[in-house]
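**Q** For reference, this is start_15.txt, and it has compact mmCIF, C-alpha atoms and all ligand atoms.
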```
# COMPACT_ATOMS: atom_id res chain seq x y z
CA MET Y 28 20.92 53.88 63.40
CA ASN Y 29 17.22 53.17 63.65
CA GLU Y 30 15.35 52.16 66.77
CA ILE Y 31 15.22 48.42 66.04
CA THR Y 32 18.97 48.23 65.37
CA GLU Y 33 19.62 50.06 68.65
CA PHE Y 34 17.30 47.66 70.46
CA ILE Y 35 19.03 44.60 68.97
CA LYS Y 36 22.43 45.91 70.08
CA LYS Y 37 21.18 46.25 73.65
CA LEU Y 38 19.35 42.92 73.68
CA PRO Y 39 21.21 40.21 75.66
CA LYS Y 40 21.41 37.16 73.39
CA ALA Y 41 22.23 33.44 73.41
CA GLU Y 42 23.56 31.65 70.35
CA LEU Y 43 22.62 27.96 70.00
CA HIS Y 44 23.63 27.18 66.42
CA LEU Y 45 27.20 28.07 65.58
CA HIS Y 46 29.79 25.87 63.89
CA ILE Y 47 33.13 27.05 65.22
CA GLU Y 48 34.78 26.09 61.92
CA GLY Y 49 32.24 28.37 60.23
CA SER Y 50 33.54 31.37 62.15
CA LEU Y 51 36.93 31.13 60.38
CA GLU Y 52 37.21 34.59 58.81
CA PRO Y 53 39.19 34.90 55.56
CA GLU Y 54 41.82 37.01 57.38
CA LEU Y 55 42.50 34.26 59.94
CA MET Y 56 42.36 31.57 57.23
CA PHE Y 57 45.03 33.45 55.31
CA LYS Y 58 47.15 34.07 58.41
CA LEU Y 59 46.98 30.37 59.47
CA SER Y 60 47.77 29.18 55.96
CA GLU Y 61 51.02 31.18 56.18
CA ARG Y 62 51.75 30.31 59.83
CA ASN Y 63 51.24 26.57 59.21
CA LYS Y 64 52.54 26.53 55.62
CA VAL Y 65 49.29 25.03 54.34
CA THR Y 66 48.54 25.89 50.71
CA ILE Y 67 45.02 27.17 50.02
CA PRO Y 68 43.64 27.78 46.53
CA PHE Y 69 43.41 31.58 47.09
CA LYS Y 70 46.02 34.31 46.67
CA SER Y 71 44.40 36.90 48.91
CA VAL Y 72 41.73 37.56 51.52
CA GLU Y 73 39.65 39.23 48.80
CA GLU Y 74 39.88 36.12 46.64
CA ILE Y 75 38.66 33.97 49.52
CA ARG Y 76 35.69 36.27 50.10
CA ALA Y 77 34.83 36.34 46.40
CA ALA Y 78 34.53 32.53 46.42
CA TYR Y 79 31.66 32.66 48.92
CA GLU Y 80 28.77 32.35 46.48
CA PHE Y 81 26.70 29.23 47.12
CA ASP Y 82 23.82 27.48 45.31
CA ASN Y 83 22.94 25.04 48.07
CA LEU Y 84 24.29 23.40 51.25
CA GLN Y 85 26.77 21.12 49.44
CA SER Y 86 28.41 23.94 47.46
CA PHE Y 87 29.08 25.66 50.79
CA LEU Y 88 30.28 22.51 52.58
CA ASP Y 89 32.91 21.87 49.89
CA ILE Y 90 34.53 25.26 50.58
CA TYR Y 91 34.00 25.07 54.34
CA TYR Y 92 35.85 21.73 54.66
CA ALA Y 93 38.66 23.01 52.39
CA GLY Y 94 39.05 26.15 54.56
CA ALA Y 95 39.31 24.09 57.76
CA ALA Y 96 42.54 22.53 56.43
CA VAL Y 97 44.55 25.50 57.80
CA LEU Y 98 43.68 24.46 61.39
CA LEU Y 99 46.46 22.22 62.67
CA LYS Y 100 47.54 23.04 66.21
CA GLU Y 101 45.84 23.62 69.54
CA GLU Y 102 46.68 27.33 69.31
CA ASP Y 103 44.88 27.52 65.92
CA PHE Y 104 41.68 26.18 67.50
CA TYR Y 105 42.23 28.57 70.40
CA ASP Y 106 42.64 31.58 68.08
CA LEU Y 107 39.60 30.59 66.03
CA THR Y 108 37.41 30.30 69.12
CA TRP Y 109 38.79 33.44 70.72
CA GLU Y 110 38.03 35.53 67.61
CA TYR Y 111 34.46 34.22 67.67
CA LEU Y 112 34.11 35.14 71.36
CA LEU Y 113 35.24 38.71 70.61
CA ARG Y 114 32.39 38.91 68.06
CA CYS Y 115 30.02 37.61 70.74
CA LYS Y 116 31.16 40.39 73.06
CA GLU Y 117 30.61 42.98 70.33
CA ASP Y 118 27.08 41.63 69.68
CA ASN Y 119 26.08 41.24 73.33
CA VAL Y 120 25.88 37.45 73.06
CA ILE Y 121 26.24 36.43 76.71
CA HIS Y 122 25.82 32.68 76.31
CA THR Y 123 26.83 30.44 73.41
CA GLU Y 124 26.60 26.70 72.67
CA ILE Y 125 29.02 25.91 69.90
CA PHE Y 126 29.29 22.95 67.52
CA PHE Y 127 32.57 21.47 66.46
CA ASP Y 128 33.16 18.84 63.76
CA PRO Y 129 35.97 16.59 65.10
CA GLN Y 130 35.95 14.32 62.04
CA THR Y 131 36.87 17.24 59.76
CA HIS Y 132 40.14 17.36 61.68
CA THR Y 133 40.81 13.78 62.83
CA ASP Y 134 40.45 12.62 59.20
CA ARG Y 135 43.44 14.93 58.43
CA GLY Y 136 45.54 13.39 61.20
CA ILE Y 137 44.85 16.06 63.86
CA SER Y 138 44.11 14.50 67.25
CA PHE Y 139 40.71 14.90 68.91
CA ASP Y 140 42.53 16.21 72.00
CA THR Y 141 44.25 19.02 70.05
CA VAL Y 142 40.91 20.22 68.70
CA ILE Y 143 38.85 20.13 71.86
CA ASN Y 144 41.61 21.43 74.13
CA GLY Y 145 42.13 24.53 71.96
CA ILE Y 146 38.41 25.26 71.83
CA ASP Y 147 37.87 24.57 75.52
CA LYS Y 148 40.77 26.77 76.68
CA ALA Y 149 39.44 29.71 74.68
CA LEU Y 150 35.93 29.19 76.08
CA LYS Y 151 37.31 29.13 79.64
CA ASP Y 152 39.16 32.40 78.94
CA GLY Y 153 35.94 33.73 77.41
CA LYS Y 154 34.13 33.11 80.68
CA GLU Y 155 36.92 34.62 82.77
CA LYS Y 156 37.89 37.64 80.65
CA LEU Y 157 34.72 38.44 78.70
CA GLY Y 158 32.01 37.07 81.00
CA ILE Y 159 30.57 34.85 78.25
CA SER Y 160 29.24 31.45 79.35
CA SER Y 161 29.35 28.53 76.94
CA LYS Y 162 28.84 24.84 76.18
CA ILE Y 163 30.37 22.52 73.57
CA ILE Y 164 28.37 20.22 71.25
CA LEU Y 165 30.17 17.48 69.29
CA CYS Y 166 28.70 17.06 65.79
CA PHE Y 167 28.94 13.86 63.78
CA LEU Y 168 29.32 14.32 60.02
CA ARG Y 169 26.28 12.59 58.51
CA HIS Y 170 27.86 11.99 55.08
CA LEU Y 171 30.23 9.56 56.85
CA ASP Y 172 29.07 6.21 58.24
CA GLU Y 173 27.85 5.35 61.73
CA GLU Y 174 30.98 3.36 62.47
CA ALA Y 175 33.08 6.51 62.04
CA ALA Y 176 30.70 8.32 64.42
CA PHE Y 177 31.18 5.52 67.00
CA LYS Y 178 34.96 5.91 66.69
CA THR Y 179 34.63 9.66 67.29
CA LEU Y 180 32.43 9.09 70.33
CA GLU Y 181 35.09 6.76 71.69
CA GLU Y 182 37.73 9.49 71.25
CA ALA Y 183 35.45 11.90 73.08
CA LYS Y 184 35.25 9.72 76.20
CA PRO Y 185 38.19 11.33 78.07
CA HIS Y 186 36.57 14.73 77.43
CA LEU Y 187 32.96 14.11 78.45
CA ASP Y 188 33.27 16.75 81.18
CA LYS Y 189 33.70 19.37 78.42
CA ILE Y 190 30.85 18.21 76.14
CA VAL Y 191 27.15 18.77 76.82
CA ALA Y 192 25.58 17.11 73.75
CA VAL Y 193 26.09 15.46 70.41
CA GLY Y 194 24.66 16.79 67.15
CA LEU Y 195 24.40 15.84 63.50
CA ASP Y 196 25.49 18.07 60.61
CA SER Y 197 26.87 18.13 57.03
CA SER Y 198 25.01 16.98 53.87
CA GLU Y 199 21.42 16.38 54.93
CA VAL Y 200 19.54 14.93 51.96
CA GLY Y 201 20.19 11.20 51.62
CA HIS Y 202 21.56 10.95 55.18
CA PRO Y 203 18.51 10.68 57.46
CA PRO Y 204 18.77 10.73 61.25
CA SER Y 205 17.87 7.00 61.34
CA LYS Y 206 21.38 6.28 60.01
CA PHE Y 207 22.75 7.37 63.42
CA GLN Y 208 20.19 5.92 65.82
CA LYS Y 209 22.61 3.51 67.53
CA VAL Y 210 25.40 6.00 68.10
CA PHE Y 211 22.93 8.54 69.49
CA ASP Y 212 21.61 5.80 71.86
CA LYS Y 213 25.19 5.27 73.03
CA ALA Y 214 25.76 9.03 73.47
CA ARG Y 215 22.65 9.29 75.65
CA GLU Y 216 23.83 6.31 77.71
CA LEU Y 217 27.02 8.30 78.34
CA GLY Y 218 24.91 11.14 79.73
CA LEU Y 219 25.01 13.43 76.71
CA LEU Y 220 22.04 15.40 75.39
CA THR Y 221 21.21 15.26 71.68
CA VAL Y 222 20.39 17.75 68.90
CA ALA Y 223 20.34 17.34 65.10
CA HIS Y 224 20.22 19.41 61.94
CA ALA Y 225 16.91 18.52 60.29
CA GLY Y 226 14.53 20.21 57.89
CA GLU Y 227 17.13 22.62 56.50
CA GLU Y 228 17.11 21.09 53.00
CA GLY Y 229 15.71 17.73 54.08
CA PRO Y 230 11.99 16.88 54.40
CA PRO Y 231 9.79 17.01 57.53
CA GLU Y 232 10.21 13.22 57.87
CA TYR Y 233 13.80 13.85 58.95
CA ILE Y 234 12.51 16.06 61.79
CA TRP Y 235 10.16 13.26 62.92
CA GLU Y 236 13.10 10.86 62.90
CA ALA Y 237 15.30 13.25 64.88
CA LEU Y 238 12.56 13.47 67.53
CA ASP Y 239 11.51 9.82 67.62
CA LEU Y 240 14.81 8.03 67.00
CA LEU Y 241 17.51 10.43 68.18
CA LYS Y 242 15.39 11.88 71.05
CA VAL Y 243 16.69 15.38 70.38
CA SER Y 244 16.18 18.30 72.75
CA ARG Y 245 16.31 20.82 69.87
CA ILE Y 246 16.04 20.80 66.08
CA ASP Y 247 18.74 22.73 64.24
CA HIS Y 248 17.11 24.73 61.41
CA GLY Y 249 13.73 22.97 61.14
CA VAL Y 250 12.35 25.61 58.76
CA ARG Y 251 10.69 22.92 56.62
CA SER Y 252 8.52 21.87 59.59
CA LEU Y 253 5.78 24.20 58.34
CA GLU Y 254 5.11 21.76 55.47
CA ASP Y 255 3.62 19.30 57.99
CA GLU Y 256 0.75 20.52 60.19
CA LYS Y 257 0.93 17.49 62.53
CA LEU Y 258 4.63 18.03 63.04
CA VAL Y 259 4.08 21.68 63.92
CA GLN Y 260 1.48 20.60 66.48
CA ARG Y 261 3.98 18.16 68.02
CA LEU Y 262 6.80 20.72 68.13
CA VAL Y 263 4.50 23.28 69.76
CA GLU Y 264 3.06 20.83 72.28
CA GLU Y 265 6.46 19.50 73.31
CA LYS Y 266 8.06 22.96 73.14
CA ILE Y 267 10.91 21.65 70.97
CA PRO Y 268 13.11 24.64 70.08
CA LEU Y 269 14.20 25.37 66.51
CA THR Y 270 17.61 26.98 66.06
CA VAL Y 271 16.90 28.99 62.91
CA CYS Y 272 19.71 30.64 60.93
CA PRO Y 273 18.18 33.30 58.67
CA LEU Y 274 21.27 34.60 56.82
CA SER Y 275 22.46 31.03 56.27
CA ASN Y 276 19.09 30.12 54.75
CA ILE Y 277 19.36 32.99 52.27
CA LYS Y 278 23.01 32.31 51.37
CA LEU Y 279 22.26 28.60 50.81
CA CYS Y 280 19.10 29.37 48.80
CA VAL Y 281 16.66 27.72 51.24
CA PHE Y 282 14.64 30.95 50.80
CA LYS Y 283 15.19 33.33 47.90
CA GLU Y 284 15.15 36.57 49.89
CA MET Y 285 14.85 37.49 53.55
CA LYS Y 286 11.32 38.79 53.01
CA ASP Y 287 10.37 35.22 51.98
CA HIS Y 288 11.75 33.68 55.17
CA ASN Y 289 9.20 31.91 57.39
CA TYR Y 290 10.73 33.01 60.72
CA ARG Y 291 7.81 35.22 61.69
CA GLU Y 292 5.34 32.48 60.81
CA LEU Y 293 7.28 30.03 62.99
CA LEU Y 294 6.96 32.43 65.93
CA ASN Y 295 3.29 33.12 65.18
CA LYS Y 296 2.49 29.40 65.18
CA GLY Y 297 3.80 29.22 68.74
CA LEU Y 298 7.04 27.41 67.91
CA VAL Y 299 10.04 28.03 70.17
CA ALA Y 300 12.03 29.72 67.41
CA THR Y 301 15.46 31.26 67.92
CA ILE Y 302 17.83 33.29 65.70
CA ASN Y 303 21.43 32.11 65.15
CA SER Y 304 24.35 32.66 62.81
CA ASP Y 305 25.39 29.08 61.75
CA ASP Y 306 28.63 29.88 59.84
CA PRO Y 307 28.95 33.65 60.18
CA ALA Y 308 32.30 34.02 58.37
CA TYR Y 309 30.72 32.48 55.26
CA PHE Y 310 27.18 33.84 55.41
CA GLY Y 311 27.76 37.55 55.90
CA GLY Y 312 27.11 38.19 59.54
CA TYR Y 313 27.13 37.37 63.21
CA MET Y 314 24.19 37.51 65.62
CA ASN Y 315 23.28 41.18 65.41
CA GLN Y 316 23.37 41.06 61.61
CA ASN Y 317 21.04 38.04 61.66
CA PHE Y 318 18.66 39.73 64.10
CA THR Y 319 18.73 43.03 62.18
CA GLU Y 320 18.23 41.68 58.68
CA THR Y 321 15.43 39.37 59.85
CA ALA Y 322 13.74 42.12 61.86
CA LEU Y 323 13.85 44.64 59.02
CA ALA Y 324 12.69 42.27 56.27
CA LEU Y 325 9.90 40.65 58.32
CA GLU Y 326 8.99 43.75 60.37
CA LEU Y 327 9.54 41.97 63.67
CA THR Y 328 8.53 43.96 66.74
CA LYS Y 329 10.71 44.53 69.80
CA GLU Y 330 8.49 42.05 71.63
CA GLU Y 331 9.11 39.38 68.97
CA LEU Y 332 12.86 40.01 69.12
CA ALA Y 333 12.85 39.80 72.91
CA LEU Y 334 10.80 36.59 72.66
CA SER Y 335 13.37 35.16 70.23
CA SER Y 336 16.11 35.95 72.72
CA LYS Y 337 14.23 34.50 75.70
CA ASN Y 338 13.38 31.40 73.64
CA ALA Y 339 17.12 30.90 73.15
CA PHE Y 340 17.96 31.24 76.86
CA ASN Y 341 15.12 28.86 77.74
CA ALA Y 342 16.20 26.39 75.02
CA SER Y 343 19.82 26.39 76.16
CA PHE Y 344 21.48 23.68 78.25
CA ILE Y 345 21.99 25.84 81.36
CA SER Y 346 20.28 25.58 84.75
CA ASP Y 347 16.79 26.94 85.40
CA ALA Y 348 18.25 29.58 87.71
CA GLU Y 349 20.62 30.79 84.97
CA LYS Y 350 17.77 30.82 82.44
CA LYS Y 351 15.71 33.00 84.75
CA SER Y 352 18.57 35.39 85.40
CA PHE Y 353 19.27 35.83 81.65
CA CYS Y 354 15.55 36.22 80.80
CA ASP Y 355 15.26 38.89 83.52
CA GLN Y 356 18.05 40.78 81.75
CA VAL Y 357 16.00 40.67 78.53
CA ASP Y 358 12.87 41.90 80.31
CA ALA Y 359 14.86 44.73 81.85
CA ILE Y 360 15.55 46.32 78.46
CA LEU Y 361 12.01 45.88 77.09
N1 LIG C 1 27.91 22.40 58.76
C1 LIG C 1 28.17 23.71 58.88
N2 LIG C 1 27.09 24.42 58.59
C2 LIG C 1 26.10 23.54 58.26
C3 LIG C 1 24.75 23.67 57.89
N3 LIG C 1 24.16 24.85 57.74
N4 LIG C 1 24.06 22.55 57.63
C4 LIG C 1 24.65 21.36 57.76
N5 LIG C 1 25.90 21.19 58.12
C5 LIG C 1 26.63 22.27 58.38
ZN ZN C 2 24.39 24.41 61.09
```
Could I get this file's structure written as structure tokens?

**A**
Amino acid sequence: MNEITEFIKKLPKAELHLHIEGSLEPELMFKLSERNKVTIPFKSVEEIRAAYEFDNLQSFLDIYYAGAAVLLKEEDFYDLTWEYLLRCKEDNVIHTEIFFDPQTHTDRGISFDTVINGIDKALKDGKEKLGISSKIILCFLRHLDEEAAFKTLEEAKPHLDKIVAVGLDSSEVGHPPSKFQKVFDKARELGLLTVAHAGEEGPPEYIWEALDLLKVSRIDHGVRSLEDEKLVQRLVEEKIPLTVCPLSNIKLCVFKEMKDHNYRELLNKGLVATINSDDPAYFGGYMNQNFTETALALELTKEELALSSKNAFNASFISDAEKKSFCDQVDAIL
């Protein structure tokens, strides 16, 4: 193992962009399809894996929503989350803020409570047994209408103690942040923070809208911000973090190859860039794989990797004291 890979393994990390449904490994998908007697269009784990070739975001989302159909009971959401936490432990991810897509499940007749209780119980066990701290972010599906998002927010009300923020994901192009301005206003009134996917496939204008209309604390992806100099200036000045997902961007053809990725340029421009895994079961790797492939292709230094990690702790929704304690742990290994 080379020096950078060793360094990445030792580096304490925070993950800020992870869809829990995107951590459903083919093995668990297969097991749950049998346990719950849900038919999936694959005969084996190998067949599932072979289907993971994507041309763009939508071609991935079609398979991702189909895969989620095996999740029915609270224990399924628990198992899914627990398996992800074991990967965190392996990769020295000590804090994680995970997205879940309630509408993917409530639209199939699964109750909001079933979903969030399974996830939340696993996260509590993750804190107790693995020492991993965490937060939950509820994502609205942007291909659905704002009324459906309002209904979901209503269902979330008994669980506000478990949710730190709302986010916006799914098919970006044609579904600008402005479509969800009112429901984000309502979420903020309820005391929730806000984030949104923007500038993954969509234009810089969507990032402006996420900032101005949805008042987001972070931009998820945001790699297209470099197309707009004024926007970069704003993001730098206001220290708005970007939760970048390098392997995802390659798998979904946002960049052709990792050497073409703009991650290093984002850092060099002074943006608060972070490295995350997005949907690791579908995109070929968890946090250390994302850090390693990005570092090797873009020749990132240990200092840049440590900065990426500290950016993530500082961009997270934990207290200032916790941020300092985690950042001190990063400094200790430098
Ligand atoms: N849902 C899961 N992964 C996503 C991504 N990369 N972009 C938008 N929506 C998503
Ligand atoms: Zn995402």

**Q** Identify the residues around (18.7, 29.9, 81.6) within a radius of 12 Å, measuring from all atoms listed in the file in the coordinates stated by the file, and give them as a list in words.

**A**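 With a cut-off of 12 Å, the residues come to Lys40, Ala41, Ile121, His122, Thr123, Ser160, Ser161, Ser336, Lys337, Asn338, Ala339, Phe340, Asn341, Ala342, Ser343, Phe344, Ile345, Ser346, Asp347, Ala348, Glu349, Lys350, Lys351, Ser352, Phe353, Cys354, Asp355, Gln356 and Val357 of chain Y.
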
**Q** Limited to C-alpha atoms, could you put the picked residues into a file as a tab-separated table (two decimals), in the coordinates of the input?

**A**
```
chain	number	residue	atom	x	y	z
Y	40	LYS	CA	21.41	37.16	73.39
Y	41	ALA	CA	22.23	33.44	73.41
Y	121	ILE	CA	26.24	36.43	76.71
Y	122	HIS	CA	25.82	32.68	76.31
Y	123	THR	CA	26.83	30.44	73.41
Y	160	SER	CA	29.24	31.45	79.35
Y	161	SER	CA	29.35	28.53	76.94
Y	336	SER	CA	16.11	35.95	72.72
Y	337	LYS	CA	14.23	34.50	75.70
Y	338	ASN	CA	13.38	31.40	73.64
Y	339	ALA	CA	17.12	30.90	73.15
Y	340	PHE	CA	17.96	31.24	76.86
Y	341	ASN	CA	15.12	28.86	77.74
Y	342	ALA	CA	16.20	26.39	75.02
Y	343	SER	CA	19.82	26.39	76.16
Y	344	PHE	CA	21.48	23.68	78.25
Y	345	ILE	CA	21.99	25.84	81.36
Y	346	SER	CA	20.28	25.58	84.75
Y	347	ASP	CA	16.79	26.94	85.40
Y	348	ALA	CA	18.25	29.58	87.71
Y	349	GLU	CA	20.62	30.79	84.97
Y	350	LYS	CA	17.77	30.82	82.44
Y	351	LYS	CA	15.71	33.00	84.75
Y	352	SER	CA	18.57	35.39	85.40
Y	353	PHE	CA	19.27	35.83	81.65
Y	354	CYS	CA	15.55	36.22	80.80
Y	355	ASP	CA	15.26	38.89	83.52
Y	356	GLN	CA	18.05	40.78	81.75
Y	357	VAL	CA	16.00	40.67	78.53
```

**Q** Let me have all residues with an atom within 10 Å of ligand ZN 2 (chain C), counting all atoms listed in the file, laid out as a PyMOL selection string.

**A** chain Y and resi 43-46+49+84+126+166+194-197+223-225+227+247-248+270-272+275+303-306

**Q** Name the residues within 7 Å of (15.3, 38.0, 57.0), counting all atoms listed in the file in the file's coordinates, and put them as a list in words.

**A** Pro273, Leu274, Met285, Lys286, His288, Glu320, Thr321, Ala322, Ala324 and Leu325 of chain Y

**Q** If we count all atoms listed in the file and set the cut-off at 10 Å, which residues sit around Lys242 in chain Y, ignoring sequence neighbours fewer than 3 positions away in its own chain? Please answer as a PyMOL selection string.

**A** chain Y and resi 208+211-212+215+220-223+235-239+245

**Q** I'd like the neighbourhood of range 71-77 of chain Y as a ChimeraX atom specification, where a residue qualifies if any of its atoms comes within 12 Å (using only C-alpha atoms), though same-chain residues fewer than 3 positions away should be ignored.

**A** /Y:51-61,66-68,80-81,90-91,93-94,308-311

**Q** Dump C-alpha atoms for the selected residues as a compact mmCIF listing (two decimals), in the coordinates of the input?

**A**
```
# COMPACT_ATOMS: atom_id res chain seq x y z
CA LEU Y 51 36.93 31.13 60.38
CA GLU Y 52 37.21 34.59 58.81
CA PRO Y 53 39.19 34.90 55.56
CA GLU Y 54 41.82 37.01 57.38
CA LEU Y 55 42.50 34.26 59.94
CA MET Y 56 42.36 31.57 57.23
CA PHE Y 57 45.03 33.45 55.31
CA LYS Y 58 47.15 34.07 58.41
CA LEU Y 59 46.98 30.37 59.47
CA SER Y 60 47.77 29.18 55.96
CA GLU Y 61 51.02 31.18 56.18
CA THR Y 66 48.54 25.89 50.71
CA ILE Y 67 45.02 27.17 50.02
CA PRO Y 68 43.64 27.78 46.53
CA GLU Y 80 28.77 32.35 46.48
CA PHE Y 81 26.70 29.23 47.12
CA ILE Y 90 34.53 25.26 50.58
CA TYR Y 91 34.00 25.07 54.34
CA ALA Y 93 38.66 23.01 52.39
CA GLY Y 94 39.05 26.15 54.56
CA ALA Y 308 32.30 34.02 58.37
CA TYR Y 309 30.72 32.48 55.26
CA PHE Y 310 27.18 33.84 55.41
CA GLY Y 311 27.76 37.55 55.90
```

**Q** In Å, rounded to a single decimal, give me how far CA of Val191 in chain Y is from CA of Ile164 in chain Y.

**A** 5.9 Å

**Q** Between Y:Ser86, Y:Asn276, Y:Asn289, Y:Thr32, which is the closest to Glu254 in chain Y once you count all atoms listed in the file?

**A**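 Closest to Glu254 in chain Y, using all atoms listed in the file: Y:Asn289.
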
**Q** Between CA of Phe177 in chain Y and CA of Val210 in chain Y, what is the distance, to one decimal in Å?

**A** 5.9 Å

**Q** Using Å and a single decimal, report how far CA of Arg62 in chain Y sits from CA of Gly145 in chain Y.

**A** 16.5 Å

**Q** Rank nothing, just name the residue among Y:Gly153, Y:Gly218, Y:Gly136, Y:Gly249 nearest to Ile234 in chain Y, using all atoms listed in the file.

**A**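 Closest to Ile234 in chain Y of all the choices is Y:Gly249.
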
**Q** Taking all atoms listed in the file into account, name the residue in Y:His170, Y:Lys209, Y:Lys283, Y:His132 that is nearest to ligand LIG 1 (chain C).

**A**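 Between Y:His170, Y:Lys209, Y:Lys283, Y:His132, the residue approaching ligand LIG 1 (chain C) most closely is Y:His170.
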
**Q** Show me, as a compact mmCIF listing (two decimals) with C-alpha atoms, in the frame of the given file, the residues that have an atom within 7 Å of Val299 in chain Y when counting only C-alpha atoms, minus same-chain residues fewer than 4 positions from it.

**A**
```
# COMPACT_ATOMS: atom_id res chain seq x y z
CA LYS Y 266 8.06 22.96 73.14
CA ILE Y 267 10.91 21.65 70.97
CA PRO Y 268 13.11 24.64 70.08
CA LEU Y 269 14.20 25.37 66.51
CA LEU Y 294 6.96 32.43 65.93
CA ASN Y 338 13.38 31.40 73.64
```

**Q** Of the residues Y:Ile159, Y:Ile146, Y:Val281, Y:Leu253, which is the one nearest to ligand LIG 1 (chain C), using only C-alpha atoms and all ligand atoms?

**A**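 For ligand LIG 1 (chain C), the nearest of the given residues is Y:Val281.
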
**Q** Using all atoms listed in the file, determine which residues lie at most 10 Å from Leu113 in chain Y, disregarding the query and same-chain residues fewer than 5 positions distant; provide the list as an MDAnalysis selection string.

**A** chainID Y and resid 108 118:120 153 157 159

**Q** Give the answer as one residue: which of Y:Val243, Y:Cys280, Y:Leu219, Y:Leu98 has the shortest atom-to-atom distance to ligand LIG 1 (chain C), using all atoms listed in the file?

**A**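 So, comparing all the options, the nearest one is Y:Cys280.
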
**Q** Edge lengths and centre in Å to one decimal, as lines of an AutoDock Vina configuration file, of the axis-aligned box that encloses all listed atoms of range 330-347 of chain Y with 6 Å added on every side?

**A**
```
center_x = 15.2
center_y = 32.9
center_z = 77.2
size_x = 25.5
size_y = 30.4
size_z = 28.4
```

**Q** Restore all heavy atoms in range 262-266 of chain Y and list the result as a compact mmCIF listing (two decimals), in the frame of the given file.

**A**
```txt
# COMPACT_ATOMS: atom_id res chain seq x y z
N LEU Y 262 5.70 19.85 67.70
CA LEU Y 262 6.80 20.72 68.13
C LEU Y 262 6.30 21.79 69.11
O LEU Y 262 6.99 22.13 70.07
CB LEU Y 262 7.46 21.40 66.91
CG LEU Y 262 8.20 20.47 65.94
CD1 LEU Y 262 8.52 21.18 64.63
CD2 LEU Y 262 9.47 19.91 66.56
N VAL Y 263 5.09 22.27 68.86
CA VAL Y 263 4.50 23.28 69.76
C VAL Y 263 4.17 22.65 71.11
O VAL Y 263 4.56 23.16 72.17
CB VAL Y 263 3.24 23.93 69.13
CG1 VAL Y 263 2.50 24.80 70.15
CG2 VAL Y 263 3.62 24.77 67.91
N GLU Y 264 3.48 21.49 71.04
CA GLU Y 264 3.06 20.83 72.28
C GLU Y 264 4.25 20.47 73.17
O GLU Y 264 4.22 20.64 74.38
CB GLU Y 264 2.29 19.54 71.95
CG GLU Y 264 0.79 19.80 71.83
CD GLU Y 264 0.06 18.59 71.24
OE1 GLU Y 264 0.54 17.43 71.39
OE2 GLU Y 264 -0.98 18.83 70.62
N GLU Y 265 5.29 19.95 72.53
CA GLU Y 265 6.46 19.50 73.31
C GLU Y 265 7.50 20.61 73.50
O GLU Y 265 8.57 20.36 74.06
CB GLU Y 265 7.09 18.27 72.65
CG GLU Y 265 6.13 17.09 72.68
CD GLU Y 265 6.75 15.79 72.15
OE1 GLU Y 265 7.97 15.71 71.99
OE2 GLU Y 265 5.96 14.87 71.89
N LYS Y 266 7.16 21.80 73.00
CA LYS Y 266 8.06 22.96 73.14
C LYS Y 266 9.48 22.63 72.68
O LYS Y 266 10.47 22.93 73.37
CB LYS Y 266 8.10 23.47 74.59
CG LYS Y 266 6.77 23.99 75.11
CD LYS Y 266 6.99 24.71 76.45
CE LYS Y 266 5.77 25.42 76.97
NZ LYS Y 266 4.63 24.55 77.26
```
